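Take a look at the structure set out below.
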Amino acid sequence: MASPALPTDDLLSDIFLRLPEPADLVRTAAACVPFRRLVADRAFLRRFRSLHPAPLLGFLDHNGFHPALPPHASAPAAQAVSLAADFSFSFLPACSMGRGWVVRDVREGRVLLDRSPEDGGEEPQVFTEIAVCDPLHRRSVLLPPIPDDLATAVEHPLRLEFDRWCEPFLAPQGADGGDPEDETSFGVICMVQCKAKLVTFAFSSTTGEWRAVASLAWLDLMAGLGGSSRSPAFSGRQYARGCFYWVMDWRDKFLVLDAGRMEFSIADVPPGCHRRQIAIVEAGEGRVGMFALRDHVADGAVSLHYTVRRDDADGSNQWQVEKIIPLDPGFRYYIRGAMERYMLLLRFPEHLSLAGVHVSSSAEMEDLECFSMDARTLQLERVCKLKHHIMRGHAYIYTNFPPSLSPQSI
């Protein structure tokens, strides 16, 4: 009797693509040499990553990288990445006193950092030095400065958070106009809020050049909204489904940047949402979702409202509540960041203050906990406990695949 035919490489590839989790693919590659050869193929890995979103492995803040710890589902991959990567960014050029590199954005395994110009002198400099890094493979690209002929469009810039004048951030994959098959190409957007207008520049690693995009006068952007005559200010950048969102400082409005068309617009924040306690995420079926913390004054309870934006055929949209998730009493909660389908939630006892806590023992230093919530499952999962007692600034969620499945991104 003839032996049954062995599966072809194409059939095996189709089977491997259907594995539910990246960890399953890692175990498959370890089974034998032929399997490892198939899994290591760049074309196969590109297809796998397009079908399987990268898992949350941890987050970066001003204290460095915090990997997901057991029993979080991503803990094994997070541990592997933490050992292989350099999240201190020691491969970047050394900094002089007071000019340290600061993380400004994380996306698709890349990290954007900036620092004050070395020759800035005493006068405040609008633009910073920008570096884009792949910490897993310890590679970096230092971006050229924005040319003077483009920079002249900036007039009377407004000071942002942490004494910054410009906001650089990573563009989503493919938005830079490069080859979508080239996994090492990337784009950077730099936005400056001025007194009379919004000025934006875009950099493409494919061309190695900056260009001016999406500059618009506030009067045109805010036409028909009425209200204050002062220049609006937007903060708390978030991203989902090809668009960036900022919240206005004095109105329940979003500033929205369509990264594909490089066009700005204004949208409403859903009613009842505290504009500083929301997280925009990628819901299923190509939709945009939002988590919002809400306090119930009557009984002191706190709940997490998950709403999804439904886009109608006539171009209008509305937010509809999908689920209300009650949170454990006796704690305060704070949304620290969001990325792709994940939201990061900080929890600490009610008697502690978010601005600063007087810590008298190591036990108290363990009271701060970070949880992730996946918009796919709507389940809270503890990422880690934090030993430091002051939580300030933004936390940037880091998603990526295990080292064996992650090619160089720069």
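Chain lettering (A, B, ...) mirrors the order of the structure tokens, residue numbering begins at 1 for each chain separately, and ligand numbering begins at 1 in order of display.
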
Problem set entry | Surrounding residues of Arg309 in chain A excluding itself and chain neighbours under 3 positions, 6 Å, only C-alpha atoms, as a list of chain:residue names |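 The residues that qualify are A:Val288, A:Gln318, A:Trp319.
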
Residues within 8 Å of Ser116 in chain A, only C-alpha atoms, excluding chain neighbours under 3 positions, as a compact mmCIF listing (two decimals) with all heavy atoms, in the first residue's frame:
```txt
# COMPACT_ATOMS: atom_id res chain seq x y z
N ARG A 99 19.27 67.20 27.63
CA ARG A 99 18.80 66.99 26.26
C ARG A 99 18.51 65.51 26.02
O ARG A 99 18.83 64.96 24.98
CB ARG A 99 19.83 67.49 25.26
CG ARG A 99 20.11 68.98 25.30
CD ARG A 99 21.06 69.40 24.19
NE ARG A 99 20.54 69.04 22.88
CZ ARG A 99 21.05 68.08 22.11
NH1 ARG A 99 22.06 67.33 22.54
NH2 ARG A 99 20.54 67.83 20.93
N GLY A 120 20.36 74.96 20.11
CA GLY A 120 19.16 75.76 20.29
C GLY A 120 19.37 77.08 21.00
O GLY A 120 18.61 78.02 20.84
N GLN A 125 13.11 76.51 20.80
CA GLN A 125 13.12 76.03 19.42
C GLN A 125 11.80 75.31 19.13
O GLN A 125 11.35 74.46 19.90
CB GLN A 125 14.28 75.08 19.21
CG GLN A 125 15.65 75.71 19.45
CD GLN A 125 15.95 76.80 18.45
OE1 GLN A 125 15.95 76.56 17.24
NE2 GLN A 125 16.19 78.01 18.93
N PHE A 127 11.11 73.26 16.53
CA PHE A 127 11.29 71.89 16.06
C PHE A 127 12.38 71.17 16.87
O PHE A 127 13.35 71.78 17.30
CB PHE A 127 11.64 71.87 14.58
CG PHE A 127 10.57 72.49 13.72
CD1 PHE A 127 10.77 73.71 13.12
CD2 PHE A 127 9.36 71.85 13.54
CE1 PHE A 127 9.79 74.29 12.33
CE2 PHE A 127 8.36 72.41 12.76
CZ PHE A 127 8.57 73.63 12.15
N THR A 128 12.18 69.89 17.04
CA THR A 128 13.11 69.06 17.80
C THR A 128 13.87 68.12 16.87
O THR A 128 13.49 67.93 15.71
CB THR A 128 12.34 68.23 18.84
OG1 THR A 128 11.31 67.47 18.17
CG2 THR A 128 11.69 69.12 19.89
N GLU A 129 14.93 67.52 17.40
CA GLU A 129 15.60 66.44 16.69
C GLU A 129 14.78 65.17 16.87
O GLU A 129 14.37 64.84 17.98
CB GLU A 129 17.02 66.24 17.22
CG GLU A 129 17.94 67.43 16.98
CD GLU A 129 19.34 67.15 17.51
OE1 GLU A 129 19.66 65.97 17.78
OE2 GLU A 129 20.10 68.12 17.67
```

Please build the interface table for range 105-211 of chain A against range 326-345 of chain A with a cut-off of 10 Å, listing for each qualifying residue the nearest atom pair and the distance in Å to one decimal; count only C-alpha atoms, order rows by chain and increasing number, and write it as a Markdown table.
```
| residue | atom | partner | partner_atom | distance |
| --- | --- | --- | --- | --- |
| A:Val106 | CA | A:Met339 | CA | 8.7 |
| A:Arg107 | CA | A:Met339 | CA | 8.1 |
| A:Glu108 | CA | A:Glu340 | CA | 9.7 |
```

For this session: Write down as a ChimeraX atom specification the residues belonging to range 34-242 of chain A that are assigned alpha helix (DSSP H) by DSSP computed on the backbone.
Result: /A:34-40,42-51,75-84,148-151,218-221

For this session: Pick out the residues sitting within 7 Å of Tyr396 in chain A, and hand them over as number ranges by chain; count only C-alpha atoms, and ignore anything fewer than 2 positions along from it in its own chain.
Result: A: 59-61, 105-106, 337, 394, 398

Keeping all heavy atoms, export the residues of the selection given above as a JSON list (two decimals), in the first residue's frame.
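Written file, out_13.json:
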```json
[["chain", "number", "residue", "atom", "x", "y", "z"],
["A", 59, "PHE", "N", 4.21, 48.34, 27.83],
["A", 59, "PHE", "CA", 4.09, 49.75, 27.48],
["A", 59, "PHE", "C", 5.35, 50.49, 27.90],
["A", 59, "PHE", "O", 6.13, 50.03, 28.75],
["A", 59, "PHE", "CB", 2.85, 50.39, 28.12],
["A", 59, "PHE", "CG", 2.84, 50.37, 29.62],
["A", 59, "PHE", "CD1", 3.33, 51.44, 30.37],
["A", 59, "PHE", "CD2", 2.32, 49.28, 30.33],
["A", 59, "PHE", "CE1", 3.31, 51.43, 31.76],
["A", 59, "PHE", "CE2", 2.30, 49.25, 31.71],
["A", 59, "PHE", "CZ", 2.79, 50.33, 32.43],
["A", 60, "LEU", "N", 5.55, 51.65, 27.27],
["A", 60, "LEU", "CA", 6.66, 52.53, 27.60],
["A", 60, "LEU", "C", 6.13, 53.80, 28.22],
["A", 60, "LEU", "O", 5.10, 54.34, 27.78],
["A", 60, "LEU", "CB", 7.47, 52.88, 26.34],
["A", 60, "LEU", "CG", 8.32, 51.77, 25.75],
["A", 60, "LEU", "CD1", 7.86, 51.50, 24.33],
["A", 60, "LEU", "CD2", 9.78, 52.16, 25.75],
["A", 61, "ASP", "N", 6.82, 54.29, 29.26],
["A", 61, "ASP", "CA", 6.54, 55.61, 29.81],
["A", 61, "ASP", "C", 7.86, 56.23, 30.23],
["A", 61, "ASP", "O", 8.94, 55.77, 29.81],
["A", 61, "ASP", "CB", 5.52, 55.54, 30.96],
["A", 61, "ASP", "CG", 6.03, 54.74, 32.16],
["A", 61, "ASP", "OD1", 7.23, 54.41, 32.21],
["A", 61, "ASP", "OD2", 5.23, 54.46, 33.07],
["A", 105, "ASP", "N", 6.07, 58.49, 20.60],
["A", 105, "ASP", "CA", 5.05, 57.66, 19.94],
["A", 105, "ASP", "C", 5.61, 56.25, 19.74],
["A", 105, "ASP", "O", 6.83, 56.05, 19.68],
["A", 105, "ASP", "CB", 4.65, 58.26, 18.59],
["A", 105, "ASP", "CG", 3.33, 57.71, 18.07],
["A", 105, "ASP", "OD1", 2.59, 57.09, 18.87],
["A", 105, "ASP", "OD2", 3.02, 57.90, 16.88],
["A", 106, "VAL", "N", 4.70, 55.28, 19.65],
["A", 106, "VAL", "CA", 5.04, 53.88, 19.39],
["A", 106, "VAL", "C", 4.02, 53.34, 18.41],
["A", 106, "VAL", "O", 2.81, 53.55, 18.58],
["A", 106, "VAL", "CB", 5.02, 53.05, 20.69],
["A", 106, "VAL", "CG1", 5.30, 51.59, 20.39],
["A", 106, "VAL", "CG2", 6.02, 53.58, 21.70],
["A", 337, "GLY", "N", -3.62, 55.09, 28.14],
["A", 337, "GLY", "CA", -3.25, 55.05, 26.73],
["A", 337, "GLY", "C", -4.08, 54.04, 25.98],
["A", 337, "GLY", "O", -4.83, 53.25, 26.55],
["A", 394, "HIS", "N", 1.99, 60.27, 29.41],
["A", 394, "HIS", "CA", 1.28, 59.26, 28.64],
["A", 394, "HIS", "C", 2.02, 57.94, 28.69],
["A", 394, "HIS", "O", 3.24, 57.89, 28.82],
["A", 394, "HIS", "CB", 1.16, 59.74, 27.19],
["A", 394, "HIS", "CG", 0.22, 58.95, 26.35],
["A", 394, "HIS", "ND1", -1.14, 59.10, 26.43],
["A", 394, "HIS", "CD2", 0.43, 57.99, 25.42],
["A", 394, "HIS", "CE1", -1.73, 58.28, 25.57],
["A", 394, "HIS", "NE2", -0.79, 57.59, 24.95],
["A", 398, "TYR", "N", 3.02, 49.05, 23.63],
["A", 398, "TYR", "CA", 3.94, 48.43, 22.68],
["A", 398, "TYR", "C", 3.36, 47.10, 22.24],
["A", 398, "TYR", "O", 3.17, 46.19, 23.05],
["A", 398, "TYR", "CB", 5.31, 48.22, 23.33],
["A", 398, "TYR", "CG", 6.34, 47.61, 22.40],
["A", 398, "TYR", "CD1", 7.05, 48.39, 21.48],
["A", 398, "TYR", "CD2", 6.62, 46.24, 22.45],
["A", 398, "TYR", "CE1", 7.99, 47.82, 20.64],
["A", 398, "TYR", "CE2", 7.56, 45.67, 21.61],
["A", 398, "TYR", "CZ", 8.25, 46.47, 20.71],
["A", 398, "TYR", "OH", 9.18, 45.90, 19.87]]
```

Selection near Gly242 in chain A, 7 Å with only C-alpha atoms, sequence-local residues under 2 positions removed, as a PDB file with N, CA, C and O atoms, in the first residue's frame:
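Result written to out_16.pdb:
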```
ATOM      1  N   PRO A 172       0.693  55.820  10.149  1.00  0.00           N
ATOM      2  CA  PRO A 172       0.397  54.389   9.992  1.00  0.00           C
ATOM      3  C   PRO A 172       1.088  53.827   8.759  1.00  0.00           C
ATOM      4  O   PRO A 172       1.421  54.563   7.822  1.00  0.00           O
ATOM      5  N   ALA A 240      -6.981  55.385  15.403  1.00  0.00           N
ATOM      6  CA  ALA A 240      -7.726  54.169  15.068  1.00  0.00           C
ATOM      7  C   ALA A 240      -8.192  54.252  13.623  1.00  0.00           C
ATOM      8  O   ALA A 240      -8.644  55.308  13.165  1.00  0.00           O
ATOM      9  N   ASP A 258      -7.295  62.609   8.956  1.00  0.00           N
ATOM     10  CA  ASP A 258      -7.331  61.425   8.096  1.00  0.00           C
ATOM     11  C   ASP A 258      -5.925  61.256   7.518  1.00  0.00           C
ATOM     12  O   ASP A 258      -5.488  62.047   6.681  1.00  0.00           O
ATOM     13  N   ALA A 259      -5.193  60.225   7.967  1.00  0.00           N
ATOM     14  CA  ALA A 259      -3.794  60.069   7.584  1.00  0.00           C
ATOM     15  C   ALA A 259      -3.633  59.675   6.127  1.00  0.00           C
ATOM     16  O   ALA A 259      -2.562  59.892   5.539  1.00  0.00           O
ATOM     17  N   GLY A 260      -4.656  59.094   5.517  1.00  0.00           N
ATOM     18  CA  GLY A 260      -4.577  58.727   4.109  1.00  0.00           C
ATOM     19  C   GLY A 260      -4.721  59.933   3.204  1.00  0.00           C
ATOM     20  O   GLY A 260      -3.929  60.139   2.272  1.00  0.00           O
TER      21      GLY A 260
END
```

Problem set entry | Among listed residues A:Pro157, A:Ala283, A:Leu142, A:Leu405, nearest Ala29 in chain A (using only C-alpha atoms) |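 Smallest separation from Ala29 in chain A among the options: A:Leu405.
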
Exercise. Any idea what's packed within 8 Å of range 249-256 of chain A, counting only C-alpha atoms, ignoring anything in its chain fewer than 6 positions away? Could you give it as JSON, numbers by chain?
Worked result: {"A": [232, 233, 234, 235, 243, 264, 265, 266, 267, 268, 269, 275]}

Problem set entry | Spatial neighbours of range 400-403 of chain A, 9 Å, only C-alpha atoms, chain gap at least 5 places, as a VMD selection string | chain A and resid 22 to 23 26 49 53 to 57 76 to 78 80 to 81 84 to 85 108 to 109 136 to 137

Go ahead and write the residues just picked, all heavy atoms, as a compact mmCIF listing (two decimals), in the first residue's frame.
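Everything below was put into selection24.txt:
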```txt
# COMPACT_ATOMS: atom_id res chain seq x y z
N PRO A 22 0.29 34.03 17.71
CA PRO A 22 1.71 34.00 17.34
C PRO A 22 2.50 32.94 18.12
O PRO A 22 3.42 32.33 17.57
CB PRO A 22 2.19 35.41 17.67
CG PRO A 22 0.97 36.26 17.56
CD PRO A 22 -0.15 35.40 18.04
N ALA A 23 2.15 32.72 19.40
CA ALA A 23 2.87 31.73 20.19
C ALA A 23 2.72 30.33 19.59
O ALA A 23 3.66 29.52 19.65
CB ALA A 23 2.36 31.74 21.63
N VAL A 26 5.29 30.05 16.83
CA VAL A 26 6.64 29.86 17.38
C VAL A 26 6.86 28.39 17.73
O VAL A 26 7.91 27.81 17.42
CB VAL A 26 6.86 30.76 18.61
CG1 VAL A 26 8.20 30.44 19.27
CG2 VAL A 26 6.83 32.23 18.21
N ARG A 49 1.29 38.27 9.69
CA ARG A 49 1.10 39.49 10.47
C ARG A 49 -0.07 40.32 9.96
O ARG A 49 -0.68 41.07 10.72
CB ARG A 49 2.39 40.32 10.47
CG ARG A 49 3.50 39.69 11.31
CD ARG A 49 4.64 40.68 11.52
NE ARG A 49 5.25 41.05 10.25
CZ ARG A 49 6.26 40.39 9.69
NH1 ARG A 49 6.76 39.32 10.27
NH2 ARG A 49 6.76 40.78 8.54
N PRO A 53 -3.37 40.44 14.34
CA PRO A 53 -2.86 41.65 14.99
C PRO A 53 -1.79 41.31 16.02
O PRO A 53 -1.86 40.29 16.69
CB PRO A 53 -4.10 42.27 15.65
CG PRO A 53 -5.27 41.66 14.93
CD PRO A 53 -4.83 40.29 14.51
N ALA A 54 -0.80 42.18 16.12
CA ALA A 54 0.28 41.96 17.09
C ALA A 54 -0.26 42.05 18.50
O ALA A 54 -1.08 42.92 18.81
CB ALA A 54 1.38 43.00 16.87
N PRO A 55 0.17 41.17 19.39
CA PRO A 55 -0.31 41.20 20.77
C PRO A 55 0.32 42.34 21.57
O PRO A 55 1.41 42.83 21.25
CB PRO A 55 0.13 39.85 21.33
CG PRO A 55 1.33 39.48 20.52
CD PRO A 55 1.09 40.03 19.15
N LEU A 56 -0.36 42.77 22.61
CA LEU A 56 0.18 43.76 23.54
C LEU A 56 1.26 43.09 24.37
O LEU A 56 1.01 42.08 25.04
CB LEU A 56 -0.94 44.30 24.43
CG LEU A 56 -0.57 45.36 25.48
CD1 LEU A 56 -1.75 46.28 25.74
CD2 LEU A 56 -0.13 44.71 26.81
N LEU A 57 2.47 43.65 24.34
CA LEU A 57 3.59 43.09 25.08
C LEU A 57 3.98 43.91 26.30
O LEU A 57 4.80 43.48 27.10
CB LEU A 57 4.81 42.93 24.17
CG LEU A 57 4.61 42.04 22.94
CD1 LEU A 57 5.91 41.90 22.18
CD2 LEU A 57 4.06 40.67 23.33
N PRO A 76 4.93 35.39 28.01
CA PRO A 76 6.13 34.74 27.44
C PRO A 76 6.76 35.54 26.31
O PRO A 76 7.98 35.71 26.28
CB PRO A 76 5.58 33.39 26.94
CG PRO A 76 4.37 33.13 27.78
CD PRO A 76 3.76 34.49 28.01
N ALA A 77 5.94 36.06 25.38
CA ALA A 77 6.48 36.86 24.29
C ALA A 77 7.05 38.17 24.81
O ALA A 77 8.08 38.64 24.32
CB ALA A 77 5.39 37.13 23.25
N ALA A 78 6.39 38.76 25.80
CA ALA A 78 6.88 40.02 26.38
C ALA A 78 8.24 39.82 27.03
O ALA A 78 9.13 40.68 26.92
CB ALA A 78 5.88 40.55 27.39
N ALA A 80 10.48 37.56 26.20
CA ALA A 80 11.47 37.36 25.14
C ALA A 80 11.87 38.68 24.50
O ALA A 80 13.05 38.94 24.24
CB ALA A 80 10.91 36.40 24.08
N VAL A 81 10.89 39.53 24.25
CA VAL A 81 11.19 40.85 23.66
C VAL A 81 11.96 41.71 24.63
O VAL A 81 12.91 42.41 24.25
CB VAL A 81 9.88 41.54 23.22
CG1 VAL A 81 10.13 43.02 22.90
CG2 VAL A 81 9.29 40.84 22.00
N ALA A 84 15.54 40.68 24.48
CA ALA A 84 16.22 40.89 23.20
C ALA A 84 16.35 42.36 22.82
O ALA A 84 17.31 42.74 22.14
CB ALA A 84 15.46 40.15 22.10
N ALA A 85 15.42 43.19 23.26
CA ALA A 85 15.38 44.59 22.81
C ALA A 85 16.20 45.49 23.74
O ALA A 85 16.57 45.13 24.84
CB ALA A 85 13.93 45.07 22.76
N GLU A 108 3.63 49.85 15.47
CA GLU A 108 4.10 48.77 14.60
C GLU A 108 5.55 48.38 14.90
O GLU A 108 6.35 48.13 14.00
CB GLU A 108 3.93 49.18 13.13
CG GLU A 108 2.47 49.36 12.76
CD GLU A 108 2.25 50.23 11.53
OE1 GLU A 108 3.22 50.89 11.11
OE2 GLU A 108 1.12 50.24 11.02
N GLY A 109 5.89 48.32 16.19
CA GLY A 109 7.21 47.91 16.59
C GLY A 109 8.26 49.00 16.56
O GLY A 109 9.40 48.79 17.01
N LEU A 136 13.92 46.37 19.06
CA LEU A 136 14.13 44.93 19.06
C LEU A 136 15.40 44.57 18.29
O LEU A 136 16.15 43.67 18.69
CB LEU A 136 12.92 44.22 18.46
CG LEU A 136 12.93 42.70 18.47
CD1 LEU A 136 13.12 42.16 19.89
CD2 LEU A 136 11.63 42.16 17.88
N HIS A 137 15.67 45.29 17.19
CA HIS A 137 16.86 45.02 16.39
C HIS A 137 17.93 46.10 16.55
O HIS A 137 18.93 46.09 15.84
CB HIS A 137 16.47 44.89 14.91
CG HIS A 137 15.56 43.74 14.64
ND1 HIS A 137 14.17 43.88 14.61
CD2 HIS A 137 15.80 42.43 14.41
CE1 HIS A 137 13.63 42.71 14.36
NE2 HIS A 137 14.58 41.81 14.23
```

Problem set entry | Near-Gly100 in chain A list (12 Å; only C-alpha atoms; drop same-chain fewer than 4 positions) as a ChimeraX atom specification | /A:62,88-90,92-96,113-118,128-130

Output the selection as an mmCIF file, in the first residue's frame - N, CA, C and O atoms for each residue.
```cif
data_model
loop_
_atom_site.group_PDB
_atom_site.id
_atom_site.type_symbol
_atom_site.label_atom_id
_atom_site.label_comp_id
_atom_site.auth_asym_id
_atom_site.auth_seq_id
_atom_site.Cartn_x
_atom_site.Cartn_y
_atom_site.Cartn_z
ATOM 1 N N HIS A 62 7.817 57.301 31.045
ATOM 2 C CA HIS A 62 9.051 57.994 31.397
ATOM 3 C C HIS A 62 9.966 57.142 32.268
ATOM 4 O O HIS A 62 11.129 57.493 32.477
ATOM 5 N N SER A 88 16.369 51.069 26.475
ATOM 6 C CA SER A 88 17.069 52.257 26.977
ATOM 7 C C SER A 88 17.592 53.099 25.821
ATOM 8 O O SER A 88 18.079 54.208 26.035
ATOM 9 N N PHE A 89 17.509 52.543 24.596
ATOM 10 C CA PHE A 89 17.917 53.241 23.380
ATOM 11 C C PHE A 89 19.367 53.719 23.466
ATOM 12 O O PHE A 89 19.711 54.822 23.042
ATOM 13 N N SER A 90 20.223 52.849 23.991
ATOM 14 C CA SER A 90 21.634 53.189 24.127
ATOM 15 C C SER A 90 22.332 53.301 22.776
ATOM 16 O O SER A 90 23.453 53.815 22.703
ATOM 17 N N LEU A 92 21.293 55.138 20.359
ATOM 18 C CA LEU A 92 21.120 56.500 19.854
ATOM 19 C C LEU A 92 22.319 57.360 20.245
ATOM 20 O O LEU A 92 23.030 57.066 21.208
ATOM 21 N N PRO A 93 22.554 58.465 19.500
ATOM 22 C CA PRO A 93 23.647 59.367 19.868
ATOM 23 C C PRO A 93 23.504 59.854 21.304
ATOM 24 O O PRO A 93 22.388 60.104 21.782
ATOM 25 N N ALA A 94 24.636 59.968 22.000
ATOM 26 C CA ALA A 94 24.610 60.402 23.395
ATOM 27 C C ALA A 94 24.057 61.809 23.511
ATOM 28 O O ALA A 94 24.174 62.634 22.603
ATOM 29 N N CYS A 95 23.440 62.088 24.658
ATOM 30 C CA CYS A 95 22.813 63.381 24.904
ATOM 31 C C CYS A 95 23.638 64.179 25.905
ATOM 32 O O CYS A 95 24.204 63.626 26.852
ATOM 33 N N SER A 96 23.697 65.476 25.690
ATOM 34 C CA SER A 96 24.314 66.353 26.677
ATOM 35 C C SER A 96 23.310 66.627 27.796
ATOM 36 O O SER A 96 22.151 66.232 27.722
ATOM 37 N N LEU A 113 11.315 59.019 19.118
ATOM 38 C CA LEU A 113 11.819 59.820 20.217
ATOM 39 C C LEU A 113 12.286 61.163 19.675
ATOM 40 O O LEU A 113 12.623 61.295 18.487
ATOM 41 N N ASP A 114 12.302 62.172 20.541
ATOM 42 C CA ASP A 114 12.883 63.444 20.133
ATOM 43 C C ASP A 114 13.621 64.080 21.304
ATOM 44 O O ASP A 114 13.557 63.609 22.441
ATOM 45 N N ARG A 115 14.368 65.132 21.007
ATOM 46 C CA ARG A 115 15.104 65.884 22.014
ATOM 47 C C ARG A 115 15.302 67.301 21.506
ATOM 48 O O ARG A 115 15.168 67.571 20.301
ATOM 49 N N SER A 116 15.626 68.217 22.400
ATOM 50 C CA SER A 116 15.858 69.614 22.028
ATOM 51 C C SER A 116 17.103 69.702 21.158
ATOM 52 O O SER A 116 18.066 68.954 21.362
ATOM 53 N N PRO A 117 17.118 70.627 20.189
ATOM 54 C CA PRO A 117 18.304 70.779 19.336
ATOM 55 C C PRO A 117 19.529 71.168 20.152
ATOM 56 O O PRO A 117 19.431 71.919 21.127
ATOM 57 N N GLU A 118 20.694 70.656 19.745
ATOM 58 C CA GLU A 118 21.916 70.921 20.497
ATOM 59 C C GLU A 118 22.343 72.365 20.398
ATOM 60 O O GLU A 118 22.910 72.925 21.334
ATOM 61 N N THR A 128 12.182 69.888 17.039
ATOM 62 C CA THR A 128 13.107 69.063 17.803
ATOM 63 C C THR A 128 13.868 68.122 16.872
ATOM 64 O O THR A 128 13.493 67.933 15.712
ATOM 65 N N GLU A 129 14.931 67.517 17.398
ATOM 66 C CA GLU A 129 15.603 66.443 16.687
ATOM 67 C C GLU A 129 14.785 65.175 16.871
ATOM 68 O O GLU A 129 14.369 64.844 17.985
ATOM 69 N N ILE A 130 14.568 64.446 15.783
ATOM 70 C CA ILE A 130 13.676 63.283 15.801
ATOM 71 C C ILE A 130 14.442 62.038 15.384
ATOM 72 O O ILE A 130 15.209 62.059 14.420
#
```

Exercise. For Val141 in chain A, which residue out of A:Cys194, A:Gly208, A:Glu369, A:Trp165 is the nearest one, using only C-alpha atoms?
Worked result: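 For Val141 in chain A, the nearest of the candidates is A:Gly208.
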
For this session: Identify, with DSSP run on backbone atoms, the residues in range 254-297 of chain A assigned to strand (DSSP E), and express the list as a list in words.
Result: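 Strand (DSSP E) assignments inside range 254-297 of chain A correspond to Phe254, Leu255, Val256, Leu257, Asp258, Glu263, Phe264, Ser265, Ile266, Ala267, Asp268, Ile278, Ala279, Ile280, Val281, Glu282, Val288, Gly289, Met290, Phe291, Ala292, Leu293, Arg294, Asp295 and His296 of chain A.
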
For this session: Find, counting only C-alpha atoms, the residue in A:Thr207, A:Ser140, A:Asn63, A:Gln173 that gets nearest to Lys387 in chain A.
Result: A:Asn63

Exercise. Separation of CA of Thr200 in chain A and CA of Arg110 in chain A, in Å?
Worked result: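 Atom-to-atom, CA of Thr200 in chain A to CA of Arg110 in chain A, that is 21.1 Å.
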
Exercise. What does the distance between CA of Gln379 in chain A and CA of His305 in chain A come to in Å, to one decimal place?
Worked result: 12.8 Å

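If you look at CA of Gly187 in chain A and CA of Ala175 in chain A, they are 6.8 Å away from each other.
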
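For the residues A:Pro20, A:Gly64, A:Pro147, A:Pro70, ranking by smallest atom-to-atom distance to Phe48 in chain A using only C-alpha atoms places A:Pro20 first.
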